[in-house]
>>> print(open('coords.txt').read())   # compact mmCIF, C-alpha atoms
# COMPACT_ATOMS: atom_id res chain seq x y z
CA MET I 1 19.83 -76.31 103.07
CA ALA I 2 16.90 -76.63 100.72
CA THR I 3 17.66 -78.25 97.42
CA THR I 4 16.05 -75.30 95.56
CA GLU I 5 18.59 -72.86 96.91
CA MET I 6 20.20 -71.08 94.02
CA ASP I 7 23.80 -71.58 93.32
CA ASP I 8 25.52 -68.20 93.70
CA GLU I 9 28.11 -69.11 91.15
CA GLY I 10 25.40 -70.11 88.70
CA LEU I 11 23.91 -66.63 88.90
CA GLN I 12 27.24 -64.86 88.55
CA PRO I 13 26.45 -63.89 84.91
CA ILE I 14 23.60 -61.69 86.16
CA ALA I 15 26.16 -59.38 87.71
CA ASP I 16 27.84 -59.07 84.33
CA ILE I 17 24.67 -58.06 82.51
CA ASP I 18 25.21 -54.90 80.48
CA ARG I 19 22.76 -52.49 82.11
CA LEU I 20 22.91 -50.08 79.21
CA ILE I 21 21.45 -52.75 76.91
CA HIS I 22 19.21 -54.25 79.59
CA GLU I 23 16.85 -51.24 79.59
CA PRO I 24 13.80 -52.40 77.55
CA ALA I 25 13.71 -49.56 75.00
CA ARG I 26 17.44 -49.76 74.32
CA LEU I 27 17.24 -53.56 74.14
CA MET I 28 14.56 -53.19 71.48
CA ILE I 29 16.68 -50.69 69.53
CA MET I 30 19.76 -52.92 69.72
CA ALA I 31 17.76 -55.99 68.67
CA HIS I 32 16.27 -54.19 65.65
CA LEU I 33 19.68 -52.90 64.57
CA TYR I 34 21.32 -56.28 65.21
CA VAL I 35 19.31 -58.02 62.46
CA VAL I 36 19.92 -55.42 59.75
CA GLU I 37 22.93 -53.76 58.19
CA SER I 38 21.68 -50.23 58.94
CA ALA I 39 18.43 -48.30 59.34
CA ASP I 40 17.39 -44.68 59.59
CA PHE I 41 15.64 -42.86 62.41
CA LEU I 42 12.18 -43.04 60.85
CA PHE I 43 12.38 -46.80 60.28
CA LEU I 44 13.54 -47.41 63.86
CA MET I 45 10.80 -45.19 65.23
CA ARG I 46 8.18 -47.22 63.36
CA GLN I 47 9.62 -50.58 64.33
CA THR I 48 10.21 -49.84 68.02
CA ARG I 49 7.08 -47.66 68.38
CA LEU I 50 9.07 -45.25 70.51
CA THR I 51 8.38 -41.53 70.41
CA TRP I 52 10.77 -39.15 68.73
CA GLY I 53 12.15 -37.85 72.03
CA ASN I 54 12.50 -41.28 73.62
CA LEU I 55 14.27 -42.79 70.67
CA SER I 56 16.55 -39.80 70.31
CA SER I 57 17.54 -39.94 73.97
CA HIS I 58 18.24 -43.69 73.95
CA LEU I 59 20.21 -43.43 70.73
CA SER I 60 22.40 -40.75 72.28
CA LYS I 61 23.22 -43.05 75.18
CA LEU I 62 24.02 -45.95 72.88
CA GLU I 63 26.16 -43.68 70.70
CA ASP I 64 28.05 -42.37 73.74
CA ALA I 65 28.78 -45.97 74.73
CA GLY I 66 30.16 -46.63 71.25
CA TYR I 67 27.47 -49.23 70.48
CA ILE I 68 25.95 -47.47 67.49
CA ASP I 69 27.36 -45.43 64.68
CA VAL I 70 25.36 -42.38 63.60
CA GLU I 71 25.99 -41.20 60.08
CA LYS I 72 24.44 -37.94 58.98
CA GLU I 73 24.09 -37.24 55.29
CA PHE I 74 22.09 -35.05 52.96
CA VAL I 75 19.51 -36.57 50.60
CA GLY I 76 18.79 -33.72 48.24
CA LYS I 77 18.45 -30.77 50.56
CA LYS I 78 17.15 -32.79 53.51
CA PRO I 79 19.31 -34.13 56.32
CA HIS I 80 19.14 -37.85 56.86
CA THR I 81 20.47 -40.00 59.71
CA MET I 82 21.56 -43.60 59.24
CA LEU I 83 22.24 -45.80 62.23
CA CYS I 84 24.08 -49.07 62.55
CA LEU I 85 25.64 -51.17 65.27
CA THR I 86 29.39 -50.83 65.67
CA LYS I 87 31.57 -53.93 66.08
CA GLU I 88 31.59 -53.23 69.82
CA GLY I 89 27.80 -52.89 69.80
CA ARG I 90 27.35 -56.24 68.07
CA ALA I 91 29.78 -57.92 70.45
CA ALA I 92 28.04 -56.35 73.45
CA PHE I 93 24.63 -57.50 72.24
CA ARG I 94 25.94 -61.05 71.66
CA ASP I 95 27.47 -61.09 75.15
CA TYR I 96 24.20 -59.81 76.61
CA ARG I 97 22.25 -62.62 74.91
CA GLN I 98 24.70 -65.23 76.15
CA SER I 99 24.62 -63.88 79.69
CA MET I 100 20.83 -63.83 79.80
CA GLN I 101 20.58 -67.33 78.36
CA GLN I 102 23.08 -68.57 80.90
CA VAL I 103 21.17 -66.95 83.76
CA PHE I 104 17.92 -68.61 82.79
CA ASP I 105 19.56 -71.92 81.95
CA ASP I 106 21.11 -72.01 85.42
CA LEU I 107 17.87 -71.25 87.27
CA PRO I 108 16.37 -74.31 88.95
CA ASP I 109 12.88 -75.42 87.87
CA MET E 1 6.03 -51.08 74.66
CA ALA E 2 4.82 -54.64 74.85
CA GLN E 3 6.74 -56.36 72.10
CA ASN E 4 8.48 -59.70 72.30
CA ILE E 5 12.16 -59.78 71.45
CA ASN E 6 12.35 -62.26 68.62
CA LEU E 7 15.38 -61.68 66.43
CA LYS E 8 14.15 -63.99 63.68
CA GLU E 9 10.84 -62.15 63.55
CA PHE E 10 12.59 -58.76 63.62
CA ARG E 11 14.71 -59.84 60.65
CA GLY E 12 11.58 -61.02 58.84
CA GLU E 13 9.84 -57.70 59.60
CA ALA E 14 12.79 -55.76 58.21
CA VAL E 15 12.87 -57.84 55.02
CA ARG E 16 9.09 -57.56 54.57
CA ALA E 17 9.31 -53.79 55.15
CA TYR E 18 12.03 -53.61 52.49
CA LEU E 19 9.94 -55.59 50.00
CA GLN E 20 6.49 -54.17 50.78
CA ASP E 21 6.71 -51.33 48.22
CA GLY E 22 6.86 -53.84 45.34
CA LEU E 23 9.74 -52.01 43.63
CA VAL E 24 12.03 -55.04 43.65
CA GLU E 25 9.35 -57.14 41.94
CA LEU E 26 8.52 -54.36 39.51
CA LEU E 27 12.14 -53.99 38.40
CA ALA E 28 12.68 -57.76 38.33
CA GLY E 29 9.53 -58.04 36.19
CA ILE E 30 10.84 -55.40 33.79
CA THR E 31 14.11 -57.34 33.57
CA PHE E 32 12.29 -60.57 32.70
CA ALA E 33 10.10 -58.73 30.18
CA TRP E 34 13.25 -57.30 28.58
CA TRP E 35 14.74 -60.78 28.29
CA ALA E 36 11.46 -62.05 26.84
CA GLY E 37 11.66 -59.25 24.25
CA VAL E 38 15.22 -60.21 23.37
CA PHE E 39 14.25 -63.85 22.80
CA PHE E 40 11.01 -62.99 20.95
CA ALA E 41 13.08 -60.74 18.67
CA TYR E 42 15.37 -63.69 17.99
CA VAL E 43 12.46 -66.06 17.34
CA PHE E 44 10.24 -63.87 15.19
CA LEU E 45 12.61 -61.32 13.68
CA ASP E 46 15.72 -63.49 13.53
CA PHE E 47 17.50 -60.74 15.43
CA GLY E 48 20.00 -62.42 17.78
CA ALA E 49 21.13 -59.87 20.35
CA THR E 50 21.33 -61.81 23.61
CA VAL E 51 24.40 -59.73 24.37
CA VAL E 52 22.06 -56.94 25.54
CA CYS E 53 20.62 -59.23 28.25
CA TRP E 54 22.85 -57.60 30.85
CA LEU E 55 21.40 -54.11 30.24
CA PRO E 56 18.57 -54.40 32.81
CA TRP E 57 21.17 -54.87 35.57
CA LEU E 58 22.32 -51.34 34.88
CA PHE E 59 18.70 -50.20 35.07
CA ILE E 60 18.20 -51.97 38.42
CA MET E 61 21.47 -50.74 39.92
CA VAL E 62 20.53 -47.13 39.11
CA GLY E 63 16.73 -47.31 39.14
CA LEU E 64 16.09 -49.18 42.39
CA PRO E 65 18.03 -46.88 44.73
CA ALA E 66 16.62 -43.80 42.96
CA ALA E 67 13.02 -45.04 43.25
CA LYS E 68 13.54 -46.03 46.89
CA ARG E 69 14.95 -42.58 47.68
CA ARG E 70 12.10 -40.81 45.89
CA PHE E 71 9.08 -42.85 47.05
CA VAL E 72 9.96 -45.10 49.98
CA TYR E 73 12.40 -43.51 52.42
CA PRO E 74 10.31 -40.37 53.07
CA ARG E 75 7.31 -42.61 53.90
CA ILE E 76 8.54 -45.52 56.01
CA GLY E 77 12.21 -44.82 56.46
CA ARG E 78 15.20 -46.67 55.16
CA VAL E 79 16.52 -50.06 56.09
CA GLU E 80 19.42 -51.92 54.55
CA VAL E 81 18.84 -55.60 55.16
CA VAL E 82 21.68 -56.91 53.03
CA SER E 83 25.20 -56.66 54.37
CA ALA E 84 28.16 -55.71 52.19
CA GLY E 85 29.20 -59.37 52.12
CA ALA E 86 25.77 -60.45 51.00
CA TRP E 87 25.77 -57.87 48.20
CA LYS E 88 28.81 -59.71 46.85
CA MET E 89 26.67 -62.85 46.91
CA VAL E 90 23.91 -61.02 45.00
CA ALA E 91 26.51 -59.87 42.44
CA VAL E 92 27.74 -63.46 42.13
CA LEU E 93 24.16 -64.69 41.61
CA GLY E 94 23.59 -62.00 38.99
CA GLY E 95 26.81 -63.09 37.33
CA LEU E 96 25.59 -66.69 37.41
CA VAL E 97 22.42 -65.72 35.53
CA VAL E 98 24.56 -64.03 32.89
CA VAL E 99 26.75 -67.17 32.77
CA VAL E 100 23.62 -69.32 32.29
CA LEU E 101 22.54 -67.08 29.40
CA ALA E 102 26.06 -67.24 27.92
CA VAL E 103 26.04 -71.05 28.26
CA ALA E 104 22.63 -71.08 26.57
CA ASP E 105 24.12 -69.05 23.73
CA LEU E 106 27.07 -71.41 23.49
CA LEU E 107 24.82 -74.44 23.60
CA GLY E 108 22.70 -72.89 20.89
CA VAL E 109 25.77 -72.48 18.71
CA VAL E 110 26.91 -76.06 19.42
CA VAL E 111 23.49 -77.66 18.96
CA LEU E 112 22.16 -75.58 16.09
CA VAL E 113 25.14 -74.24 14.18
CA ALA E 114 28.22 -76.44 14.69
CA PRO E 115 28.72 -79.28 12.20
CA GLN E 116 27.45 -82.54 13.70
CA ASP E 117 30.77 -84.37 13.31
CA GLN E 118 32.63 -81.77 15.42
CA VAL E 119 30.55 -82.50 18.56
CA PRO E 120 31.63 -85.68 20.37
CA ALA E 121 28.92 -88.32 20.08
CA VAL E 122 28.88 -88.90 23.87
CA LEU E 123 28.16 -85.24 24.57
CA ARG E 124 25.51 -84.79 21.92
CA PRO E 125 22.48 -86.24 23.79
CA ILE E 126 23.49 -84.51 27.03
CA LEU E 127 23.83 -81.13 25.31
CA ASP E 128 20.55 -81.69 23.48
CA ALA E 129 18.77 -82.54 26.75
CA ILE E 130 20.16 -79.47 28.55
CA TRP E 131 19.40 -77.21 25.59
CA SER E 132 15.82 -78.32 25.17
CA ASN E 133 15.10 -78.23 28.93
CA LEU E 134 16.75 -74.90 29.77
CA SER E 135 13.45 -73.20 30.59
CA ALA E 136 12.62 -76.01 33.04
CA ILE E 137 16.08 -75.76 34.65
CA MET E 138 15.72 -71.99 34.98
CA GLY E 139 12.17 -72.38 36.31
CA ILE E 140 13.23 -74.87 38.97
CA VAL E 141 16.29 -72.87 40.08
CA LEU E 142 14.30 -69.64 40.36
CA ALA E 143 11.45 -71.42 42.16
CA GLY E 144 14.02 -72.61 44.70
CA VAL E 145 15.21 -69.04 45.27
CA PHE E 146 11.62 -67.79 45.72
CA VAL E 147 10.79 -70.59 48.18
CA LEU E 148 13.94 -69.86 50.16
CA VAL E 149 13.06 -66.17 50.56
CA ALA E 150 9.41 -66.98 51.32
CA PHE E 151 10.30 -69.59 53.93
CA ARG E 152 13.09 -67.66 55.65
CA HIS E 153 11.37 -64.28 55.83
CA GLY E 154 7.65 -65.08 55.70
CA VAL E 155 7.03 -63.33 52.36
CA SER E 156 4.14 -65.58 51.39
CA ARG E 157 3.51 -64.16 47.88
CA PHE E 158 6.92 -65.54 46.88
CA TYR E 159 5.43 -69.05 47.13
CA LEU E 160 3.09 -68.03 44.30
CA PHE E 161 6.03 -66.78 42.21
CA ALA E 162 7.79 -70.10 42.87
CA LEU E 163 4.74 -72.00 41.68
CA VAL E 164 4.45 -69.89 38.53
CA SER E 165 8.18 -70.24 37.82
CA LEU E 166 8.12 -74.01 38.30
CA THR E 167 4.97 -74.72 36.30
CA SER E 168 5.70 -72.33 33.44
CA GLY E 169 9.36 -73.42 33.20
CA VAL E 170 8.42 -77.10 33.04
CA ALA E 171 5.33 -76.59 30.87
CA PHE E 172 7.18 -74.50 28.26
CA ALA E 173 9.99 -77.09 28.19
CA MET E 174 7.40 -79.48 26.74
CA LEU E 175 6.21 -77.01 24.11
CA GLU E 176 6.88 -77.99 20.51
CA SER E 177 6.96 -75.48 17.69
CA GLY E 178 7.39 -76.58 14.12
CA ARG E 179 7.59 -73.16 12.57
CA TRP E 180 9.89 -71.23 14.92
CA PRO E 181 13.07 -72.19 16.83
CA THR E 182 11.58 -74.09 19.76
CA THR E 183 14.06 -73.56 22.62
CA PRO E 184 14.41 -69.75 22.28
CA LEU E 185 10.61 -69.60 22.04
CA ARG E 186 10.32 -71.59 25.31
CA TRP E 187 12.70 -69.14 26.97
CA ALA E 188 10.83 -66.15 25.60
CA LEU E 189 7.50 -67.48 26.87
CA TYR E 190 8.93 -68.37 30.30
CA PHE E 191 10.46 -64.90 30.74
CA ALA E 192 7.27 -63.26 29.44
CA VAL E 193 5.08 -65.08 31.98
CA MET E 194 7.46 -64.34 34.85
CA GLY E 195 7.82 -60.73 33.73
CA ILE E 196 4.06 -60.18 33.58
CA VAL E 197 3.41 -61.83 36.97
CA LEU E 198 6.21 -59.94 38.72
CA MET E 199 5.33 -56.60 37.12
CA ALA E 200 1.63 -57.00 37.96
CA SER E 201 2.43 -57.85 41.57
CA GLY E 202 4.93 -54.98 41.74
CA VAL E 203 2.46 -52.42 40.38
CA VAL E 204 -0.34 -53.53 42.74
CA LEU E 205 1.98 -53.44 45.77
CA PHE E 206 3.47 -50.10 44.78
CA VAL E 207 0.07 -48.45 44.32
CA ARG E 208 -1.12 -49.91 47.63
CA PHE E 209 2.08 -48.73 49.31
CA LEU E 210 1.64 -45.15 48.07
CA ARG E 211 -1.98 -45.20 49.25
CA ASP E 212 -1.25 -46.70 52.68
CA TYR E 213 1.74 -44.52 53.45
CA PRO E 214 1.09 -40.92 52.46
CA LEU E 215 3.99 -38.49 52.55
CA PRO E 216 4.44 -36.86 55.97
CA ALA E 217 3.53 -33.20 56.23
CA GLU E 218 6.11 -30.77 54.89
CA GLY E 219 8.54 -29.84 57.64
CA ALA E 220 8.15 -33.03 59.68
CA SER E 221 11.68 -34.01 60.64
CA TYR E 222 11.29 -37.40 62.32
CA GLY E 223 14.62 -36.83 63.97
CA ASN E 224 16.53 -37.00 60.75
CA ASP E 225 18.01 -33.57 61.26
>>> encode(input="coords.txt", output="structure tokens")
Amino acid sequence: MATTEMDDEGLQPIADIDRLIHEPARLMIMAHLYVVESADFLFLMRQTRLTWGNLSSHLSKLEDAGYIDVEKEFVGKKPHTMLCLTKEGRAAFRDYRQSMQQVFDDLPD
Amino acid sequence: MAQNINLKEFRGEAVRAYLQDGLVELLAGITFAWWAGVFFAYVFLDFGATVVCWLPWLFIMVGLPAAKRRFVYPRIGRVEVVSAGAWKMVAVLGGLVVVVLAVADLLGVVVLVAPQDQVPAVLRPILDAIWSNLSAIMGIVLAGVFVLVAFRHGVSRFYLFALVSLTSGVAFAMLESGRWPTTPLRWALYFAVMGIVLMASGVVLFVRFLRDYPLPAEGASYGND
């Protein structure tokens, strides 16, 4: 066996990667929400540079998974949507980071 | 979408976005100017009303969210960078400033008003030193806070505020005034300088913000509905 052969056990974390977060757009959304307390739709759209439709669709998936909390309120007469990570969302993002770090740490040079 | 995932940078971006409208500086500047007015009134009009020093907090607590709602959120959206736990820290810091002002009041009473024989001889030089250098102490502490924010979040103009706070605090601590009460005058001048610098920066940033981010067309929803 070649010495560069990967250790299957070492790459086990890759099987545990959360695929919902792993998608680049959703990863960006989760990362932006992870570092703040909460943000609204407009702020996230500017930061992630996603289109209205894209962002809306990804947010729905993250909300369905229980990773983000969507709070709708009225500011004056206008509706306003605030978004924040739930406890589960924060934990899932932390686990994702750890898994990815472990995967790359275990890769041979 | 070709962005790097850098959580530290994302946090810095969020903080800079929160501060870019200049409203925090503007309101902080008004607070300092108010305090300067209170101390100038004491120095020149012999009107001691430091008890009203807390009033600007009320103004900030009500004024900042209202101004953000009116001018900022419709333009760039809303972000809350400070967690509920950290707001407690901010409240504690605000309380500390009030405590410092109260201690300054107390020191003033002890140093200026109390009969000399009632103050223990050991404490006298220490109290005198603290009293006469209060503007320097305040200047150094506030400079530290500015440097911390500037360093952690990349808000480079805060380095300038730190420099102004440090130099004015220390410089005014060396000021001597024969005619008027020296220490309150030092405080008044320190707060006046900080108030003017912060208000000027706040106004410039706010005007630039309004110019750079016009209101979206009427009816644009941006997914907020």
>>> residues_around(input="coords.txt", residues="segment 15-18 of chain E", least_positions_apart="5", cutoff="9 Å", atoms="all atoms listed in the file", output="PDB file with C-alpha atoms, keeping the file's coordinate frame")
ATOM      1  CA  VAL I  36      19.920 -55.420  59.750  1.00  0.00           C
TER       2      VAL I  36
ATOM      3  CA  PHE E  10      12.590 -58.760  63.620  1.00  0.00           C
ATOM      4  CA  VAL E  24      12.030 -55.040  43.650  1.00  0.00           C
ATOM      5  CA  ILE E  76       8.540 -45.520  56.010  1.00  0.00           C
ATOM      6  CA  ARG E  78      15.200 -46.670  55.160  1.00  0.00           C
ATOM      7  CA  VAL E  79      16.520 -50.060  56.090  1.00  0.00           C
ATOM      8  CA  GLU E  80      19.420 -51.920  54.550  1.00  0.00           C
ATOM      9  CA  VAL E  81      18.840 -55.600  55.160  1.00  0.00           C
ATOM     10  CA  HIS E 153      11.370 -64.280  55.830  1.00  0.00           C
ATOM     11  CA  GLY E 154       7.650 -65.080  55.700  1.00  0.00           C
ATOM     12  CA  VAL E 155       7.030 -63.330  52.360  1.00  0.00           C
TER      13      VAL E 155
END
>>> axis_aligned_box(input="coords.txt", around="segment 81-98 of chain I", padding_each_side="3 Å", output="JSON")
{"center_x": 26.0, "center_y": -52.6, "center_z": 67.9, "size_x": 17.1, "size_y": 31.2, "size_z": 23.4}
>>> atom_distance(input="coords.txt", atom1="atom CA of Gly29 of chain E", atom2="atom CA of Thr182 of chain E")
23.1 Å
>>> atom_distance(input="coords.txt", atom1="atom CA of His32 of chain I", atom2="atom CA of Arg90 of chain I")
11.5 Å
>>> residues_near_point(input="coords.txt", point="(20.9, -50.5, 65.8)", cutoff="7 Å", atoms="all atoms listed in the file", output="list of chain:residue names")
I:Ile29, I:Met30, I:Ala31, I:His32, I:Leu33, I:Tyr34, I:Ser38, I:Ile68, I:Leu83, I:Cys84, I:Leu85
>>> closest_residue(input="coords.txt", among="I:Leu20, I:Ala15, I:Ala39, I:Met28", to="Ser60 of chain I", atoms="all atoms listed in the file")
I:Leu20
>>> interface_residues(input="coords.txt", of="chain I", to="chain E", cutoff="6 Å", atoms="only C-alpha atoms", output="list in words")
Val35, Val36, Glu37, Ser38, Ala39, Asp40, Leu42, Phe43, Pro79, His80 and Thr81 of chain I
>>> residues_around(input="coords.txt", residues="Ile21 of chain I", least_positions_apart="5", cutoff="9 Å", atoms="all atoms listed in the file", output="PyMOL selection string")
chain I and resi 26-28+30+62+92-93+96
>>> write_last_selection(input="coords.txt", atoms="C-alpha atoms", output="mmCIF file, in the frame of the given file")
data_model
loop_
_atom_site.group_PDB
_atom_site.id
_atom_site.type_symbol
_atom_site.label_atom_id
_atom_site.label_comp_id
_atom_site.auth_asym_id
_atom_site.auth_seq_id
_atom_site.Cartn_x
_atom_site.Cartn_y
_atom_site.Cartn_z
ATOM 1 C CA ARG I 26 17.440 -49.760 74.320
ATOM 2 C CA LEU I 27 17.240 -53.560 74.140
ATOM 3 C CA MET I 28 14.560 -53.190 71.480
ATOM 4 C CA MET I 30 19.760 -52.920 69.720
ATOM 5 C CA LEU I 62 24.020 -45.950 72.880
ATOM 6 C CA ALA I 92 28.040 -56.350 73.450
ATOM 7 C CA PHE I 93 24.630 -57.500 72.240
ATOM 8 C CA TYR I 96 24.200 -59.810 76.610
#
>>> closest_residue(input="coords.txt", among="E:Val147, E:Met61, E:Ser168, E:Phe161", to="Gly202 of chain E", atoms="only C-alpha atoms")
E:Phe161
>>> residues_around(input="coords.txt", residues="segment 35-40 of chain E", least_positions_apart="6", cutoff="6 Å", atoms="all atoms listed in the file", output="ChimeraX atom specification")
/E:184,188,191-192
>>> closest_residue(input="coords.txt", among="E:Ala143, E:Ala136, E:Leu148, E:Ala28", to="Val203 of chain E", atoms="all atoms listed in the file")
E:Ala28
